[in-house]
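Below is upload.txt, holding compact mmCIF, C-alpha atoms.
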```txt
# COMPACT_ATOMS: atom_id res chain seq x y z
CA MET A 19 93.37 115.14 99.57
CA ARG A 20 91.31 112.20 98.37
CA ARG A 21 90.62 109.15 100.50
CA VAL A 22 89.75 105.84 98.84
CA LEU A 23 88.54 102.56 100.31
CA LEU A 24 89.31 99.49 98.17
CA ALA A 25 87.48 96.28 99.08
CA GLY A 26 88.59 92.86 97.89
CA GLY A 27 89.94 89.60 99.17
CA GLY A 28 89.47 85.90 99.55
CA SER A 29 91.61 85.04 96.53
CA ALA A 30 94.37 86.45 94.35
CA GLY A 31 91.71 86.99 91.66
CA HIS A 32 90.26 89.80 93.78
CA THR A 33 93.40 90.99 95.55
CA SER A 34 95.81 91.30 92.61
CA PRO A 35 93.67 93.79 90.63
CA LEU A 36 93.06 95.72 93.85
CA LEU A 37 96.80 96.19 94.35
CA ALA A 38 97.38 97.09 90.70
CA THR A 39 94.65 99.73 90.98
CA ALA A 40 96.07 101.08 94.25
CA ASP A 41 99.45 101.55 92.58
CA ALA A 42 97.81 103.34 89.63
CA LEU A 43 95.91 105.66 91.99
CA GLN A 44 99.19 106.64 93.62
CA ARG A 45 100.78 107.37 90.24
CA LEU A 46 97.85 109.48 89.06
CA SER A 47 97.14 111.25 92.35
CA PRO A 48 100.25 111.56 94.53
CA GLY A 49 99.35 111.94 98.19
CA ILE A 50 96.08 110.07 97.87
CA GLU A 51 95.14 108.08 100.99
CA ILE A 52 94.30 104.46 100.23
CA THR A 53 92.83 102.02 102.73
CA CYS A 54 91.98 98.41 101.89
CA LEU A 55 89.21 96.24 103.31
CA GLY A 56 89.61 92.47 103.71
CA THR A 57 89.52 89.57 106.14
CA ARG A 58 92.02 88.24 108.65
CA GLU A 59 91.85 84.66 107.37
CA ARG A 60 92.56 84.88 103.66
CA ILE A 61 95.40 85.81 101.30
CA GLU A 62 94.85 89.57 101.55
CA ALA A 63 95.94 89.55 105.22
CA GLN A 64 99.50 88.82 104.05
CA ILE A 65 99.93 90.41 100.65
CA ILE A 66 98.17 93.76 101.10
CA PRO A 67 100.25 94.89 104.12
CA ALA A 68 103.35 93.49 102.40
CA ALA A 69 102.59 95.81 99.47
CA GLY A 70 102.57 98.78 101.84
CA TYR A 71 98.83 99.48 102.11
CA PRO A 72 96.85 99.66 105.38
CA LEU A 73 94.28 96.88 105.73
CA GLU A 74 91.08 97.04 107.77
CA PHE A 75 89.08 93.91 108.55
CA VAL A 76 85.52 92.68 108.26
CA PRO A 77 84.22 89.22 109.22
CA SER A 78 84.41 86.57 106.53
CA VAL A 79 80.90 85.84 105.19
CA PRO A 80 81.06 83.22 102.40
CA LEU A 81 77.78 82.67 100.61
CA PRO A 82 76.39 79.11 101.10
CA ARG A 83 75.69 77.34 97.82
CA ARG A 84 72.89 75.14 99.15
CA PRO A 85 70.10 75.33 101.79
CA GLY A 86 71.06 74.54 105.36
CA ALA A 87 72.00 75.99 108.72
CA ASP A 88 74.68 78.24 107.20
CA LEU A 89 72.13 79.81 104.88
CA ALA A 90 69.78 80.48 107.79
CA ARG A 91 72.57 82.28 109.64
CA LEU A 92 73.57 84.34 106.59
CA PRO A 93 71.40 87.46 107.23
CA GLY A 94 72.86 87.90 110.72
CA ARG A 95 76.40 87.46 109.44
CA VAL A 96 75.84 90.00 106.66
CA ARG A 97 74.48 92.53 109.17
CA ALA A 98 77.54 92.04 111.37
CA ALA A 99 79.90 92.45 108.42
CA ARG A 100 78.06 95.58 107.27
CA GLY A 101 78.39 96.97 110.79
CA ALA A 102 82.14 96.36 110.72
CA ALA A 103 82.39 98.03 107.31
CA LEU A 104 80.38 101.02 108.54
CA GLU A 105 82.75 101.42 111.49
CA VAL A 106 85.70 101.57 109.04
CA VAL A 107 83.89 104.00 106.73
CA ASP A 108 82.94 106.32 109.59
CA ARG A 109 86.49 106.29 110.93
CA ILE A 110 88.50 106.83 107.73
CA ARG A 111 85.80 108.88 105.92
CA PRO A 112 86.57 107.87 102.30
CA ASP A 113 85.45 109.99 99.37
CA VAL A 114 84.73 106.87 97.30
CA VAL A 115 84.49 103.09 97.73
CA CYS A 116 85.62 100.59 95.10
CA GLY A 117 84.96 96.85 95.31
CA PHE A 118 86.39 93.97 93.33
CA GLY A 119 83.80 91.32 94.15
CA GLY A 120 83.79 88.38 96.53
CA PHE A 121 82.24 88.22 99.97
CA VAL A 122 84.50 91.03 101.27
CA SER A 123 82.84 93.50 98.91
CA VAL A 124 79.22 92.96 99.99
CA PRO A 125 79.55 94.77 103.35
CA ALA A 126 81.55 97.53 101.64
CA TYR A 127 78.80 98.02 99.05
CA LEU A 128 76.12 98.12 101.75
CA ALA A 129 78.12 100.57 103.86
CA ALA A 130 78.68 102.86 100.86
CA ARG A 131 74.96 102.81 100.15
CA LYS A 132 74.11 103.55 103.80
CA ARG A 133 76.46 106.55 103.91
CA ASP A 134 75.55 107.74 100.39
CA LEU A 135 79.14 107.44 99.13
CA PRO A 136 80.15 107.13 95.47
CA LEU A 137 80.64 103.45 94.63
CA VAL A 138 82.73 101.85 91.86
CA VAL A 139 82.43 98.13 91.06
CA HIS A 140 84.95 96.08 89.09
CA GLU A 141 84.09 92.56 87.90
CA GLY A 142 87.04 90.33 87.10
CA ASN A 143 85.32 87.39 85.38
CA THR A 144 83.17 86.95 82.33
CA VAL A 145 80.39 85.60 84.56
CA PRO A 146 79.69 88.06 87.42
CA GLY A 147 79.49 86.85 91.00
CA VAL A 148 76.65 87.48 93.44
CA ALA A 149 78.48 90.32 95.18
CA ASN A 150 78.96 92.35 92.02
CA LYS A 151 75.46 91.66 90.78
CA LEU A 152 74.37 93.40 93.97
CA GLY A 153 76.98 96.16 93.71
CA ALA A 154 76.10 96.97 90.11
CA ARG A 155 72.51 97.68 91.17
CA LEU A 156 73.73 100.33 93.60
CA THR A 157 75.87 102.44 91.23
CA GLU A 158 76.37 103.57 87.64
CA HIS A 159 80.16 103.20 87.92
CA VAL A 160 80.69 99.59 86.81
CA ALA A 161 83.79 98.24 85.04
CA THR A 162 84.36 94.78 83.54
CA SER A 163 87.38 92.75 82.49
CA PHE A 164 85.66 91.16 79.48
CA PRO A 165 83.40 92.75 76.87
CA ASP A 166 80.26 90.63 77.28
CA THR A 167 79.88 90.51 81.06
CA PRO A 168 76.15 90.94 81.80
CA LEU A 169 76.07 93.77 84.34
CA PRO A 170 74.07 97.02 84.19
CA HIS A 171 75.98 100.26 83.48
CA ALA A 172 79.06 98.20 82.52
CA THR A 173 82.11 99.73 80.84
CA TYR A 174 84.63 97.28 79.40
CA ILE A 175 88.14 98.30 80.49
CA GLY A 176 90.00 95.01 81.09
CA LEU A 177 91.55 93.66 84.28
CA PRO A 178 94.10 95.70 86.27
CA ILE A 179 97.40 93.79 86.36
CA ARG A 180 100.88 94.48 87.70
CA ARG A 181 102.97 96.99 85.74
CA MET A 182 105.91 94.57 85.60
CA ILE A 183 103.66 92.30 83.52
CA ALA A 184 101.78 94.95 81.53
CA THR A 185 105.05 96.50 80.33
CA LEU A 186 106.98 93.24 79.80
CA ASP A 187 109.05 92.83 76.64
CA ARG A 188 109.57 89.06 76.65
CA ALA A 189 112.19 89.01 73.93
CA ALA A 190 114.30 91.70 75.61
CA VAL A 191 114.66 89.80 78.90
CA ARG A 192 114.52 86.23 77.59
CA GLU A 193 118.24 85.55 78.11
CA GLU A 194 118.19 86.99 81.64
CA ALA A 195 115.05 85.04 82.47
CA ARG A 196 116.37 81.68 81.30
CA THR A 197 119.65 82.20 83.09
CA SER A 198 117.83 83.02 86.33
CA PHE A 199 115.99 79.67 86.23
CA GLY A 200 118.94 77.59 84.97
CA LEU A 201 117.35 76.90 81.59
CA ARG A 202 119.13 76.44 78.27
CA ASP A 203 118.68 78.97 75.49
CA ASP A 204 118.68 76.44 72.64
CA LEU A 205 115.62 74.38 73.65
CA PRO A 206 111.93 75.34 73.97
CA VAL A 207 110.44 75.89 77.44
CA LEU A 208 107.01 74.89 78.74
CA LEU A 209 105.90 76.90 81.77
CA VAL A 210 103.43 75.06 84.02
CA THR A 211 101.52 76.92 86.72
CA GLY A 212 98.31 76.36 88.63
CA GLY A 213 98.53 79.69 90.45
CA SER A 214 99.81 80.38 93.95
CA GLN A 215 98.00 77.34 95.38
CA GLY A 216 98.91 75.04 92.51
CA ALA A 217 96.73 72.59 90.58
CA ALA A 218 97.14 68.90 91.36
CA SER A 219 95.75 67.72 88.01
CA LEU A 220 98.22 69.88 86.05
CA ASN A 221 101.08 68.71 88.23
CA ARG A 222 100.20 65.02 87.75
CA ALA A 223 99.80 65.29 83.99
CA VAL A 224 103.09 67.10 83.41
CA LEU A 225 105.07 64.81 85.70
CA GLY A 226 103.55 61.82 83.90
CA ALA A 227 104.66 63.24 80.55
CA ALA A 228 108.14 64.26 81.78
CA PRO A 229 110.03 61.44 79.99
CA GLU A 230 108.36 62.22 76.66
CA LEU A 231 108.92 65.96 77.09
CA ALA A 232 112.62 65.37 77.78
CA GLU A 233 112.94 62.99 74.83
CA ALA A 234 111.44 65.67 72.59
CA GLY A 235 113.91 68.26 73.89
CA VAL A 236 111.29 70.31 75.77
CA GLN A 237 112.45 72.03 78.96
CA VAL A 238 109.92 72.50 81.77
CA LEU A 239 109.62 75.31 84.29
CA HIS A 240 107.15 73.77 86.72
CA VAL A 241 105.63 76.09 89.36
CA THR A 242 103.85 73.52 91.51
CA GLY A 243 102.21 75.84 94.03
CA ARG A 244 102.84 76.07 97.76
CA GLY A 245 102.64 72.71 99.51
CA HIS A 246 103.03 70.66 96.31
CA GLU A 247 106.14 68.65 95.56
CA ALA A 248 107.44 67.28 92.27
CA THR A 249 110.39 65.00 91.56
CA PRO A 250 110.87 64.62 87.79
CA PRO A 251 112.99 61.81 86.33
CA GLU A 252 116.59 62.73 85.67
CA SER A 253 117.50 63.51 82.08
CA GLY A 254 119.82 65.74 80.14
CA VAL A 255 117.02 68.25 79.54
CA PRO A 256 116.32 70.76 82.35
CA TYR A 257 113.14 70.26 84.36
CA VAL A 258 113.07 73.09 86.93
CA VAL A 259 110.68 72.85 89.89
CA ARG A 260 109.65 75.84 91.99
CA GLY A 261 106.97 75.88 94.66
CA PHE A 262 106.35 79.58 94.11
CA VAL A 263 107.74 82.28 91.82
CA ASP A 264 107.49 85.94 92.80
CA ARG A 265 108.88 87.17 89.47
CA MET A 266 106.29 85.85 87.05
CA ASP A 267 107.49 88.38 84.51
CA LEU A 268 110.72 86.38 84.24
CA ALA A 269 108.80 83.09 84.10
CA TYR A 270 106.72 84.40 81.19
CA ALA A 271 109.82 85.70 79.44
CA ALA A 272 111.61 82.36 79.79
CA ALA A 273 108.71 80.36 78.33
CA ASP A 274 107.62 79.56 74.78
CA ALA A 275 104.19 78.37 75.95
CA VAL A 276 102.30 77.99 79.23
CA LEU A 277 100.01 75.30 80.64
CA CYS A 278 97.71 76.96 83.17
CA ARG A 279 94.25 77.55 84.60
CA SER A 280 92.11 80.29 83.06
CA GLY A 281 91.25 82.63 85.88
CA SER A 282 90.81 86.18 84.67
CA ASN A 283 94.19 87.33 85.99
CA THR A 284 96.05 84.50 84.27
CA VAL A 285 94.20 84.95 80.97
CA THR A 286 94.91 88.68 80.96
CA GLU A 287 98.59 88.31 81.81
CA VAL A 288 99.57 85.50 79.45
CA SER A 289 97.61 86.85 76.50
CA GLY A 290 98.78 90.40 77.16
CA VAL A 291 102.44 89.42 76.94
CA GLY A 292 101.83 87.32 73.81
CA LEU A 293 102.54 83.94 75.41
CA PRO A 294 100.80 80.98 73.69
CA ALA A 295 98.71 79.14 76.26
CA VAL A 296 97.06 75.81 76.93
CA PHE A 297 94.16 76.69 79.22
CA VAL A 298 92.71 74.08 81.58
CA PRO A 299 89.64 75.65 83.23
CA LEU A 300 88.96 74.84 86.86
CA PRO A 301 86.30 72.11 86.75
CA ILE A 302 84.19 73.62 89.55
CA GLY A 303 82.28 76.89 89.89
CA ASN A 304 79.86 78.46 87.41
CA GLY A 305 81.94 77.92 84.29
CA GLU A 306 83.55 81.36 84.33
CA GLN A 307 87.06 80.07 83.66
CA GLY A 308 86.07 78.46 80.38
CA ARG A 309 84.34 81.65 79.29
CA ASN A 310 87.33 83.77 80.39
CA ALA A 311 89.54 81.79 78.00
CA ALA A 312 87.08 81.79 75.09
CA VAL A 313 88.13 85.15 73.60
CA VAL A 314 91.80 84.11 73.40
CA VAL A 315 91.05 80.59 72.15
CA GLY A 316 88.69 82.00 69.52
CA ALA A 317 91.38 84.38 68.27
CA GLY A 318 93.85 81.51 67.87
CA GLY A 319 96.10 82.50 70.75
CA ALA A 320 95.48 79.45 72.94
CA LEU A 321 94.30 75.86 73.16
CA LEU A 322 91.59 74.70 75.56
CA VAL A 323 91.34 71.30 77.25
CA ASP A 324 88.97 70.06 79.94
CA ASP A 325 90.56 69.14 83.24
CA ALA A 326 89.32 65.55 82.93
CA GLU A 327 90.96 65.20 79.51
CA LEU A 328 94.37 66.49 80.57
CA THR A 329 96.58 63.40 80.64
CA PRO A 330 100.24 62.67 79.90
CA THR A 331 99.12 61.22 76.56
CA TRP A 332 97.22 64.41 75.68
CA LEU A 333 100.28 66.51 76.47
CA THR A 334 102.52 64.28 74.39
CA THR A 335 100.09 64.38 71.46
CA HIS A 336 99.24 68.09 71.48
CA VAL A 337 101.79 70.10 73.46
CA VAL A 338 105.03 68.48 72.29
CA PRO A 339 104.33 69.21 68.59
CA LEU A 340 103.37 72.78 69.53
CA LEU A 341 106.66 73.39 71.36
CA GLN A 342 108.58 71.99 68.36
CA ASP A 343 106.90 74.40 65.92
CA PRO A 344 108.37 77.92 66.29
CA GLU A 345 106.24 79.32 63.45
CA ARG A 346 103.00 78.14 65.04
CA LEU A 347 104.10 79.54 68.40
CA ALA A 348 104.81 82.91 66.79
CA VAL A 349 101.38 83.00 65.14
CA MET A 350 99.63 82.13 68.42
CA GLY A 351 101.62 84.70 70.34
CA ALA A 352 100.78 87.43 67.84
CA ALA A 353 97.09 86.48 67.97
CA ALA A 354 97.04 86.71 71.76
CA ALA A 355 99.13 89.85 72.23
CA HIS A 356 97.14 92.91 73.27
CA LEU A 357 93.85 91.09 72.67
CA ILE A 358 92.87 92.22 76.16
CA PRO A 359 93.64 95.81 77.29
CA LEU A 360 96.69 96.24 79.52
CA ASP A 361 95.93 99.75 80.80
CA ALA A 362 92.95 98.79 82.95
CA ASP A 363 94.75 99.79 86.15
CA GLU A 364 94.90 103.44 85.11
CA ARG A 365 91.46 103.40 83.47
CA LEU A 366 89.87 102.08 86.67
CA ALA A 367 91.89 104.53 88.78
CA ARG A 368 90.55 107.41 86.70
CA MET A 369 87.01 106.07 87.06
CA ILE A 370 87.48 106.02 90.86
CA LEU A 371 88.88 109.58 90.90
CA ASP A 372 86.06 110.83 88.67
CA ALA A 373 83.45 109.20 90.91
CA ALA A 374 85.03 110.81 93.97
CA ALA A 375 84.95 114.22 92.27
```

Encoded form (structure tokens):
Amino acid sequence: MRRVLLAGGGSAGHTSPLLATADALQRLSPGIEITCLGTRERIEAQIIPAAGYPLEFVPSVPLPRRPGADLARLPGRVRAARGAALEVVDRIRPDVVCGFGGFVSVPAYLAARKRDLPLVVHEGNTVPGVANKLGARLTEHVATSFPDTPLPHATYIGLPIRRMIATLDRAAVREEARTSFGLRDDLPVLLVTGGSQGAASLNRAVLGAAPELAEAGVQVLHVTGRGHEATPPESGVPYVVRGFVDRMDLAYAAADAVLCRSGSNTVTEVSGVGLPAVFVPLPIGNGEQGRNAAVVVGAGGALLVDDAELTPTWLTTHVVPLLQDPERLAVMGAAAAHLIPLDADERLARMILDAAA
């Protein structure tokens, strides 16, 4: 019986592909023992146990972005985290370790190297992070979500996503989806989402454009994110507000277009299901969100707008005409569909099983 240790956490961008890969491993190798590695403080502490997988913990060691006291303490923190990862490895005795990047993965990579275990690295973004730059130097089993990610030994497989999304037939469940959200079937729908935590700039822009969207006959399904509130003006056109949606497959099926960030998980999901997108890259970081979206924008499946340029006026000028043009929406959806592979969960699972063998 194989034992696998999957390391990833800190954000949904690392945790979601981990869970998709864990599910694929169980389908391909029934009876396999899967243990996950994360932190007590971040999102993985809730969603990994809720998905039915055991979770072991290491200390959180974020990498400081500038010189200072935190940077001076970093070596000691990394040693402590590696020690915690080694304790887990020695106790569960995995046949292979797979990491998905982020600060959780660094101690897992170092522990795998110390115990001479096979290591698999998956990079979710176009621009690799520090953790996976390190991990890729320690193994030849490296997988990427995008074709031009600069990592040694890289194999482009795509990003593992949930099967309910990868197998979604939007047209087949459109009626059910719209009914579930209280949306009309005779008017176009704009889905707005900034991810599980929301995006204040997206929320402000859409609420500011709400009167014009209603006047144009555009319905809105607005997923504000936990902790965000939205009170749209009353009109005869539905404007549905949800803080969180756990059935994003239905949200995608209900929509004709989506306004969203361009994290790797979002880009893969919306393009994979053929949903025209307006991507608004997160304006901080190393620019990976803009590069994540580039392949879909270049193919004609999405529009791209800087966060600073996203205003109610921009939405009225660019998004309203798009939602009123079914032919253009169909062309964009066809351009986006299957542009990015949707079988990455099973491809990565096979890579993990092969490395273990």

Next on the checklist: Counting all atoms listed in the file, which residues sit no farther than 12 Å from the position (98.9, 93.3, 104.1) in the file's frame? I'd like them as a ChimeraX atom specification.
Outcome noted: /A:27,33,37,53-75

Item to check | Å distance separating atom CA of A:Ala25 from atom CA of A:Ser47, one decimal place | outcome: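 Straight-line distance from atom CA of A:Ala25 to atom CA of A:Ser47 works out to 19.0 Å.
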
Show me the residues close to (89.5, 85.3, 84.0) - anything with an atom within 6 Å, counting all atoms listed in the file - and format the list as a PDB file with C-alpha atoms, in the coordinates of the input.
```
ATOM      1  CA  ASN A 143      85.320  87.390  85.380  1.00  0.00           C
ATOM      2  CA  SER A 280      92.110  80.290  83.060  1.00  0.00           C
ATOM      3  CA  GLY A 281      91.250  82.630  85.880  1.00  0.00           C
ATOM      4  CA  SER A 282      90.810  86.180  84.670  1.00  0.00           C
ATOM      5  CA  ASN A 283      94.190  87.330  85.990  1.00  0.00           C
ATOM      6  CA  VAL A 285      94.200  84.950  80.970  1.00  0.00           C
ATOM      7  CA  GLN A 307      87.060  80.070  83.660  1.00  0.00           C
ATOM      8  CA  ASN A 310      87.330  83.770  80.390  1.00  0.00           C
TER       9      ASN A 310
END
```

Checklist entry - Any idea what the distance is between atom CA of A:Arg111 and atom CA of A:Asp372? => result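 These atoms are spaced 17.4 Å apart.
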
Surrounding residues of A:Tyr270 excluding itself and chain neighbours under 6 positions, 9 Å, only C-alpha atoms, as an mmCIF file with C-alpha atoms, in the frame of the given file:
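Dumped to selection_26.cif:
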```
data_model
loop_
_atom_site.group_PDB
_atom_site.id
_atom_site.type_symbol
_atom_site.label_atom_id
_atom_site.label_comp_id
_atom_site.auth_asym_id
_atom_site.auth_seq_id
_atom_site.Cartn_x
_atom_site.Cartn_y
_atom_site.Cartn_z
ATOM 1 C CA ILE A 183 103.660 92.300 83.520
ATOM 2 C CA LEU A 186 106.980 93.240 79.800
ATOM 3 C CA ARG A 188 109.570 89.060 76.650
ATOM 4 C CA ARG A 192 114.520 86.230 77.590
ATOM 5 C CA ALA A 195 115.050 85.040 82.470
ATOM 6 C CA LEU A 209 105.900 76.900 81.770
ATOM 7 C CA VAL A 276 102.300 77.990 79.230
ATOM 8 C CA VAL A 288 99.570 85.500 79.450
ATOM 9 C CA VAL A 291 102.440 89.420 76.940
ATOM 10 C CA LEU A 293 102.540 83.940 75.410
#
```

Item to check | Distance query A:Gly303 at most 12 Å, all atoms listed in the file, self and fewer than 5 positions along chain excluded, as a list in words | outcome: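 Those residues are Arg83, Asn143, Val145, Pro146, Gly147, Gly281, Gly308 and Arg309 of chain A.
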
Item to check | Nearest residue to A:Pro35 from the set A:Leu156, A:Ile50, A:Val259, A:Leu366 (distances using only C-alpha atoms) | outcome: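 Using only C-alpha atoms, A:Pro35 sits closest to A:Leu366.
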
Item to check | For atom CA of A:Ala275 and atom CA of A:Pro299, the interatomic separation in Å (one decimal) | outcome: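 Between these atoms lies a distance of 16.5 Å.
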
Checklist entry - Restricting the calculation to all atoms listed in the file, which member of A:Leu239, A:Met266, A:Val210, A:Ala223 is positioned closest to A:Val296? => result A:Val210

Next on the checklist: For A:Pro178, find every residue with an atom within 7 Å (counting all atoms listed in the file), except residues of its own chain fewer than 3 positions away, and show them as a ChimeraX atom specification.
Outcome noted: /A:35,38-39,362-363

Keeping only C-alpha atoms, write the selected residues to a file as an mmCIF file, keeping the file's coordinate frame.
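Writing the result to again29.cif gives the following:
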```cif
data_model
loop_
_atom_site.group_PDB
_atom_site.id
_atom_site.type_symbol
_atom_site.label_atom_id
_atom_site.label_comp_id
_atom_site.auth_asym_id
_atom_site.auth_seq_id
_atom_site.Cartn_x
_atom_site.Cartn_y
_atom_site.Cartn_z
ATOM 1 C CA PRO A 35 93.670 93.790 90.630
ATOM 2 C CA ALA A 38 97.380 97.090 90.700
ATOM 3 C CA THR A 39 94.650 99.730 90.980
ATOM 4 C CA ALA A 362 92.950 98.790 82.950
ATOM 5 C CA ASP A 363 94.750 99.790 86.150
#
```

Checklist outcome for this item: A:Pro294 proximity check over A:Glu345, A:Glu51, A:Glu364, A:Asp267, using all atoms listed in the file: winner is A:Glu345

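Proximity ranking of A:Ala272, A:Met182, A:Leu137, A:Ile358 relative to A:Pro165 places A:Ile358 first, based on only C-alpha atoms.
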
Next on the checklist: Residues within 10 Å of A:Gly243, please, as a PyMOL selection string. Count all atoms listed in the file; anything in the same chain fewer than 3 positions from it doesn't count.
Outcome noted: chain A and resi 211-218+221+240+246-247+259-263

Got a minute to add N, CA and C atoms to stretch 290-314 of chain A and dump it as an mmCIF file, in the frame of the given file?
```cif
data_model
loop_
_atom_site.group_PDB
_atom_site.id
_atom_site.type_symbol
_atom_site.label_atom_id
_atom_site.label_comp_id
_atom_site.auth_asym_id
_atom_site.auth_seq_id
_atom_site.Cartn_x
_atom_site.Cartn_y
_atom_site.Cartn_z
ATOM 1 N N GLY A 290 98.244 89.055 77.310
ATOM 2 C CA GLY A 290 98.780 90.400 77.160
ATOM 3 C C GLY A 290 100.240 90.428 76.784
ATOM 4 N N VAL A 291 101.012 89.449 77.273
ATOM 5 C CA VAL A 291 102.440 89.420 76.940
ATOM 6 C C VAL A 291 102.718 88.569 75.709
ATOM 7 N N GLY A 292 101.654 88.075 75.054
ATOM 8 C CA GLY A 292 101.830 87.320 73.810
ATOM 9 C C GLY A 292 102.387 85.926 74.018
ATOM 10 N N LEU A 293 102.042 85.282 75.124
ATOM 11 C CA LEU A 293 102.540 83.940 75.410
ATOM 12 C C LEU A 293 101.484 82.906 75.025
ATOM 13 N N PRO A 294 101.763 82.029 74.048
ATOM 14 C CA PRO A 294 100.800 80.980 73.690
ATOM 15 C C PRO A 294 100.444 80.148 74.916
ATOM 16 N N ALA A 295 99.171 79.806 75.046
ATOM 17 C CA ALA A 295 98.710 79.140 76.260
ATOM 18 C C ALA A 295 97.913 77.879 75.943
ATOM 19 N N VAL A 296 97.974 76.951 76.893
ATOM 20 C CA VAL A 296 97.060 75.810 76.930
ATOM 21 C C VAL A 296 96.260 75.990 78.209
ATOM 22 N N PHE A 297 95.006 76.412 78.061
ATOM 23 C CA PHE A 297 94.160 76.690 79.220
ATOM 24 C C PHE A 297 93.424 75.441 79.654
ATOM 25 N N VAL A 298 93.432 75.212 80.977
ATOM 26 C CA VAL A 298 92.710 74.080 81.580
ATOM 27 C C VAL A 298 91.779 74.676 82.630
ATOM 28 N N PRO A 299 90.531 75.000 82.270
ATOM 29 C CA PRO A 299 89.640 75.650 83.230
ATOM 30 C C PRO A 299 89.411 74.818 84.483
ATOM 31 N N LEU A 300 89.304 75.497 85.605
ATOM 32 C CA LEU A 300 88.960 74.840 86.860
ATOM 33 C C LEU A 300 87.611 74.141 86.687
ATOM 34 N N PRO A 301 87.518 72.858 87.052
ATOM 35 C CA PRO A 301 86.300 72.110 86.750
ATOM 36 C C PRO A 301 85.159 72.320 87.737
ATOM 37 N N ILE A 302 85.271 73.307 88.627
ATOM 38 C CA ILE A 302 84.190 73.620 89.550
ATOM 39 C C ILE A 302 83.811 75.084 89.364
ATOM 40 N N GLY A 303 82.720 75.503 90.015
ATOM 41 C CA GLY A 303 82.280 76.890 89.890
ATOM 42 C C GLY A 303 81.158 77.007 88.871
ATOM 43 N N ASN A 304 80.966 78.202 88.339
ATOM 44 C CA ASN A 304 79.860 78.460 87.410
ATOM 45 C C ASN A 304 80.309 78.525 85.955
ATOM 46 N N GLY A 305 81.472 77.965 85.670
ATOM 47 C CA GLY A 305 81.940 77.920 84.290
ATOM 48 C C GLY A 305 82.639 79.170 83.823
ATOM 49 N N GLU A 306 82.963 80.092 84.754
ATOM 50 C CA GLU A 306 83.550 81.360 84.330
ATOM 51 C C GLU A 306 84.937 81.191 83.734
ATOM 52 N N GLN A 307 85.708 80.191 84.201
ATOM 53 C CA GLN A 307 87.060 80.070 83.660
ATOM 54 C C GLN A 307 87.069 79.676 82.191
ATOM 55 N N GLY A 308 86.163 78.805 81.795
ATOM 56 C CA GLY A 308 86.070 78.460 80.380
ATOM 57 C C GLY A 308 85.682 79.661 79.538
ATOM 58 N N ARG A 309 84.777 80.468 80.035
ATOM 59 C CA ARG A 309 84.340 81.650 79.290
ATOM 60 C C ARG A 309 85.419 82.730 79.294
ATOM 61 N N ASN A 310 86.209 82.816 80.380
ATOM 62 C CA ASN A 310 87.330 83.770 80.390
ATOM 63 C C ASN A 310 88.292 83.479 79.240
ATOM 64 N N ALA A 311 88.554 82.187 79.002
ATOM 65 C CA ALA A 311 89.540 81.790 78.000
ATOM 66 C C ALA A 311 89.005 81.897 76.575
ATOM 67 N N ALA A 312 87.692 81.938 76.415
ATOM 68 C CA ALA A 312 87.080 81.790 75.090
ATOM 69 C C ALA A 312 87.567 82.835 74.094
ATOM 70 N N VAL A 313 87.748 84.085 74.533
ATOM 71 C CA VAL A 313 88.130 85.150 73.600
ATOM 72 C C VAL A 313 89.528 84.895 73.038
ATOM 73 N N VAL A 314 90.443 84.379 73.863
ATOM 74 C CA VAL A 314 91.800 84.110 73.400
ATOM 75 C C VAL A 314 91.844 82.859 72.534
#
```
